[in-house]
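Student: Below: one structure in structure tokens.
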Amino acid sequence: MKYIAFISYRHLPPDSAIAEKLIKDIEQFVIPKSLRKNGLKKPGKVFRDKEELPLSSNLKDSLYSALDESQYLIMICSPDLLKSKYCMEELRYFLTKHSLDHVLTVLVRGTPEESFPPALLTETHPETGIISNIEPLAADVSGPSLRVNLKKLKTEKLRILAACLGCAFDDLVQRSRRRRRKKIALISTSITIAAIIFALVLAHVIHSRNEEQRSRMHADAQLLVQSSEILAKDGNHLEAIQNALEAYALEEQGNFSLEGQDYRALANAAWVYETDVILQDRVIEHDQIISKVTITPEGKYLLIDNADGQRVRYEIETGKTEAGDFSGYYTSDGLYRITCKDGN
């Protein structure tokens with residue numbers, strides 16, 4: 001057979017929407033391995049006429065041929081179906097070539113009595129001629145809205161597929177549920193793997209950005225070292241020290257280490273050495289025992305605490321020295337001020 005089924009229906013909503021969805025579901029359905037025949041993974045193609053043609057004394061040859069080559073006839077049943085002479089002729093012709101058990105129905109609206117063609121509700125015994133009522137195999141997707149119809153079709157389509165595949169409906173339902181669980185598990189695993197990959201990529205991006213930032217800070221620190229070295233050679237040690245402190249701050253913030261020559265340049269800026277011996281830039285004469293020496297944040301004064309508790313303030317640029325009880329505090333503008341008892 002060329003087609004697994006021929007879909008017959010009225011081109012009216014919701015019948016047409018149900019037919020379209022059923023065609024896709026049948027053609028895309030993957031047959032469980034244990035139910036496959038001749039190695040076929042899918043049921044096959046479904047024939048549907050693209051538009052309803054006017055009825056003549058005979059159906060077009062193409063439709064007759066399609067009905068001949070279809071294993072099953074699936075009728076989308078509703079009260080509107082019985083009004084279609086075209087659909088009734090399709091059923092009549094199909095039954096001349098196939099048995100009644102190859103006609104499958106999908107109930108969309110109404111009751112079977114008002115929606116099924118009469119030919120599907122009775123059967124005439126070939127020998128006795130006795131007419132008896134029968135109940136055709138039907139997938140019931142009836143409901144108040146198309147949304148309800150399509151929701152029911154998710155399960156009821158298996159009744160149609162079971163008949164087409166020649167297997168029990170319950171077996172197909174159980175296999176479909178197992179396949180769905182496996183699919184859900186696979187999707188969950190895929191999501192987990194995707195989340196892990198995303199986390200790794202994000203960590204790599206963050207690490208790369210941190211490395212780039214660290215590299216920039218390292219380069220800035222080296223520029224400060226070079227500037228500090230130049231300032232020191234020009235005799236501007238205070239600015240040289242400030243650049244040196246900024247370089248050390250970047251080193252700590254960026255969590256990197258300066259090179260050995262960088263440390264030597266910073267040491268030169270701080271007057272430690274310029275050759276292999278310590279050089280003195282200026283001298284403070286102090287005849288007391290010193291317990292503590294503090295440089296103010298702006299680098300203008302040295303505060304020298306004697307062992308006897310006396311404090312001396314030394315102005316670095318002028319060399320002026322004065323004794324007093326100096327104390328330091330920060331003002332609102334962030335500057336450090338030095339005052340003594342007399343308020344100066």
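Identifiers for the structure tokens are assigned positionally: chains receive A, B, ... in sequence, residues are indexed from 1 per chain, and ligands are indexed from 1 in the order shown.
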Could you give me, as a list in words, the residues within 9 Å of segment 250-256 of chain A, counting only C-alpha atoms and dropping anything in the same chain fewer than 4 positions from it?
Tutor: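 Here the qualifying residues turn out to be Asn210, Gln213, Arg214, Ser215, Met217, His218, Asp220, Ala221, Leu245 and Glu246 of chain A.
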Student: For a test of reading the model, state the distance in Å between atom CA of Ile23 of chain A and atom CA of Ala5 of chain A, rounded to one decimal.
Tutor: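 Value for the atom CA of Ile23 of chain A-atom CA of Ala5 of chain A distance: 9.1 Å.
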Student: DSSP on the backbone: which residues in segment 74-250 of chain A end up as strand (DSSP E or B)? Give the answer as a ChimeraX atom specification.
Tutor: /A:74-77,103-107,122-124,131-133,138-140
Student: Could you tell me how far atom CA of Thr124 of chain A sits from atom CA of Arg159 of chain A, in Å to one decimal place?
Tutor: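 Value for the atom CA of Arg159 of chain A-atom CA of Thr124 of chain A distance: 25.5 Å.
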Student: Point out the residue among A:Leu100, A:Leu137, A:Val108, A:Leu172 with the least atom-to-atom distance to Ile31 of chain A, counting only C-alpha atoms.
Tutor: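 With only C-alpha atoms as the atom set, the closest residue is A:Leu172.
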Student: List as a list in words the protein and nucleic acid residues near Glu315 of chain A, meaning an atom at most 7 Å away when only C-alpha atoms are counted, but skip any in the same chain fewer than 2 places from it.
Tutor: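 In the requested form, the answer reads Lys300, Tyr301, Leu302, Arg313, Glu317, Thr318, Gly319, Lys320 and Thr321 of chain A.
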Student: With N, CA and C atoms retained, export the selected residues as a PDB file, in the first residue's frame.
Tutor:
```pdb
ATOM      1  N   LYS A 300      54.385  66.107  54.128  1.00  0.00           N
ATOM      2  CA  LYS A 300      54.988  67.399  54.432  1.00  0.00           C
ATOM      3  C   LYS A 300      55.799  67.359  55.729  1.00  0.00           C
ATOM      4  N   TYR A 301      55.375  66.571  56.699  1.00  0.00           N
ATOM      5  CA  TYR A 301      56.010  66.566  58.021  1.00  0.00           C
ATOM      6  C   TYR A 301      56.431  65.164  58.424  1.00  0.00           C
ATOM      7  N   LEU A 302      57.485  65.174  59.272  1.00  0.00           N
ATOM      8  CA  LEU A 302      57.833  63.993  60.036  1.00  0.00           C
ATOM      9  C   LEU A 302      57.494  64.275  61.487  1.00  0.00           C
ATOM     10  N   ARG A 313      58.009  68.087  65.546  1.00  0.00           N
ATOM     11  CA  ARG A 313      57.535  68.130  64.172  1.00  0.00           C
ATOM     12  C   ARG A 313      58.644  68.677  63.293  1.00  0.00           C
ATOM     13  N   GLU A 317      60.634  69.946  53.703  1.00  0.00           N
ATOM     14  CA  GLU A 317      61.195  70.815  52.679  1.00  0.00           C
ATOM     15  C   GLU A 317      62.130  71.869  53.263  1.00  0.00           C
ATOM     16  N   THR A 318      61.736  72.461  54.381  1.00  0.00           N
ATOM     17  CA  THR A 318      62.525  73.574  54.948  1.00  0.00           C
ATOM     18  C   THR A 318      63.512  73.131  56.000  1.00  0.00           C
ATOM     19  N   GLY A 319      63.302  71.957  56.570  1.00  0.00           N
ATOM     20  CA  GLY A 319      64.158  71.505  57.654  1.00  0.00           C
ATOM     21  C   GLY A 319      63.804  72.122  58.983  1.00  0.00           C
ATOM     22  N   LYS A 320      62.758  72.926  59.059  1.00  0.00           N
ATOM     23  CA  LYS A 320      62.361  73.572  60.303  1.00  0.00           C
ATOM     24  C   LYS A 320      61.849  72.529  61.289  1.00  0.00           C
ATOM     25  N   THR A 321      62.319  72.666  62.528  1.00  0.00           N
ATOM     26  CA  THR A 321      61.942  71.716  63.569  1.00  0.00           C
ATOM     27  C   THR A 321      61.332  72.475  64.726  1.00  0.00           C
TER      28      THR A 321
END
```
Student: Atom CA of Gln28 of chain A and atom CA of Lys42 of chain A, how far apart in Å?
Tutor: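 Computing the Euclidean distance for atom CA of Lys42 of chain A and atom CA of Gln28 of chain A yields 6.8 Å.
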Student: Could you go through segment 30-126 of chain A and tell me which residues DSSP, when run on the backbone, assigns to helix (DSSP H, G or I), listing them as a PyMOL selection string?
Tutor: chain A and resi 33-35+61-68+81-83+85-97+100-102+112-115+118-120
Student: Excluding Ser227 of chain A and residues on its chain fewer than 2 positions from it, collect all residues at most 10 Å away from it, counting only C-alpha atoms, and give them as a ChimeraX atom specification.
Tutor: /A:221-225,229-233,239-240,243-244,265-266,269
Student: With all heavy atoms retained, could you export that selection as a short mmCIF file (atom, residue, chain, number, x, y, z; two decimals), in the first residue's frame?
Tutor:
```
data_model
loop_
_atom_site.label_atom_id
_atom_site.label_comp_id
_atom_site.auth_asym_id
_atom_site.auth_seq_id
_atom_site.Cartn_x
_atom_site.Cartn_y
_atom_site.Cartn_z
N ALA A 221 51.23 49.58 36.78
CA ALA A 221 52.19 49.60 37.89
C ALA A 221 53.61 49.80 37.36
O ALA A 221 54.41 50.55 37.95
CB ALA A 221 52.09 48.31 38.69
N GLN A 222 53.93 49.14 36.25
CA GLN A 222 55.27 49.30 35.69
C GLN A 222 55.50 50.73 35.18
O GLN A 222 56.60 51.26 35.27
CB GLN A 222 55.47 48.28 34.57
CG GLN A 222 55.62 46.85 35.10
CD GLN A 222 55.86 45.86 33.99
OE1 GLN A 222 55.26 45.96 32.93
NE2 GLN A 222 56.73 44.88 34.24
N LEU A 223 54.42 51.34 34.61
CA LEU A 223 54.54 52.73 34.19
C LEU A 223 54.80 53.65 35.40
O LEU A 223 55.59 54.59 35.31
CB LEU A 223 53.27 53.17 33.47
CG LEU A 223 53.05 52.59 32.07
CD1 LEU A 223 51.70 53.01 31.52
CD2 LEU A 223 54.18 53.04 31.13
N LEU A 224 54.12 53.36 36.51
CA LEU A 224 54.35 54.13 37.73
C LEU A 224 55.77 53.94 38.24
O LEU A 224 56.40 54.88 38.74
CB LEU A 224 53.34 53.71 38.81
CG LEU A 224 51.91 54.20 38.59
CD1 LEU A 224 50.97 53.49 39.57
CD2 LEU A 224 51.82 55.71 38.80
N VAL A 225 56.29 52.71 38.12
CA VAL A 225 57.67 52.45 38.52
C VAL A 225 58.64 53.28 37.68
O VAL A 225 59.57 53.92 38.21
CB VAL A 225 57.99 50.95 38.39
CG1 VAL A 225 59.49 50.71 38.56
CG2 VAL A 225 57.22 50.15 39.43
N GLU A 229 61.03 56.26 39.00
CA GLU A 229 62.49 56.23 38.81
C GLU A 229 62.98 57.52 38.17
O GLU A 229 64.02 58.09 38.58
CB GLU A 229 62.86 55.03 37.95
CG GLU A 229 64.34 54.77 37.85
CD GLU A 229 64.65 53.49 37.12
OE1 GLU A 229 63.77 53.02 36.36
OE2 GLU A 229 65.76 52.96 37.30
N ILE A 230 62.24 58.03 37.18
CA ILE A 230 62.62 59.27 36.51
C ILE A 230 62.54 60.45 37.48
O ILE A 230 63.43 61.31 37.54
CB ILE A 230 61.71 59.52 35.30
CG1 ILE A 230 61.97 58.45 34.23
CG2 ILE A 230 61.94 60.92 34.73
CD1 ILE A 230 61.00 58.50 33.07
N LEU A 231 61.46 60.49 38.28
CA LEU A 231 61.31 61.58 39.25
C LEU A 231 62.42 61.55 40.29
O LEU A 231 62.93 62.61 40.70
CB LEU A 231 59.94 61.46 39.95
CG LEU A 231 58.71 61.79 39.08
CD1 LEU A 231 57.44 61.35 39.79
CD2 LEU A 231 58.67 63.28 38.77
N ALA A 232 62.80 60.36 40.70
CA ALA A 232 63.87 60.24 41.70
C ALA A 232 65.19 60.75 41.13
O ALA A 232 65.97 61.44 41.82
CB ALA A 232 64.00 58.79 42.16
N LYS A 233 65.45 60.43 39.88
CA LYS A 233 66.70 60.88 39.27
C LYS A 233 66.72 62.40 39.11
O LYS A 233 67.78 63.01 39.12
CB LYS A 233 66.88 60.21 37.90
CG LYS A 233 67.21 58.73 38.00
CD LYS A 233 67.38 58.12 36.62
CE LYS A 233 67.75 56.65 36.72
NZ LYS A 233 67.90 56.02 35.38
N GLU A 239 57.26 63.06 44.94
CA GLU A 239 56.38 62.53 43.91
C GLU A 239 56.80 61.12 43.51
O GLU A 239 55.96 60.27 43.17
CB GLU A 239 56.39 63.44 42.68
CG GLU A 239 55.70 64.78 42.90
CD GLU A 239 55.57 65.56 41.60
OE1 GLU A 239 55.44 64.91 40.54
OE2 GLU A 239 55.60 66.80 41.65
N ALA A 240 58.10 60.86 43.55
CA ALA A 240 58.60 59.51 43.25
C ALA A 240 58.04 58.51 44.25
O ALA A 240 57.62 57.40 43.88
CB ALA A 240 60.12 59.49 43.27
N ASN A 243 54.30 57.84 43.52
CA ASN A 243 54.15 56.89 42.43
C ASN A 243 54.49 55.47 42.86
O ASN A 243 53.85 54.50 42.45
CB ASN A 243 55.02 57.29 41.24
CG ASN A 243 54.44 58.48 40.49
OD1 ASN A 243 53.47 59.08 40.91
ND2 ASN A 243 55.05 58.82 39.36
N ALA A 244 55.53 55.38 43.70
CA ALA A 244 55.92 54.07 44.21
C ALA A 244 54.80 53.45 45.04
O ALA A 244 54.49 52.26 44.91
CB ALA A 244 57.21 54.19 45.02
N ALA A 265 64.02 49.92 41.36
CA ALA A 265 63.70 51.28 40.94
C ALA A 265 62.90 52.00 42.01
O ALA A 265 63.12 53.18 42.30
CB ALA A 265 62.93 51.24 39.63
N LEU A 266 61.94 51.29 42.63
CA LEU A 266 61.15 51.88 43.70
C LEU A 266 62.02 52.20 44.92
O LEU A 266 61.81 53.21 45.60
CB LEU A 266 60.00 50.94 44.09
CG LEU A 266 58.93 50.72 43.01
CD1 LEU A 266 57.92 49.70 43.48
CD2 LEU A 266 58.24 52.03 42.67
N ALA A 269 63.76 55.37 44.27
CA ALA A 269 62.87 56.51 44.47
C ALA A 269 62.72 56.86 45.94
O ALA A 269 62.51 58.01 46.31
CB ALA A 269 61.50 56.21 43.86
#
```
Student: Write out as number ranges by chain the residues lying within 12 Å of Leu22 of chain A, counting only C-alpha atoms and excluding same-chain residues fewer than 2 positions away.
Tutor: A: 5-9, 15-20, 24-29, 45-48, 74-76, 105-106, 139, 141, 149-161
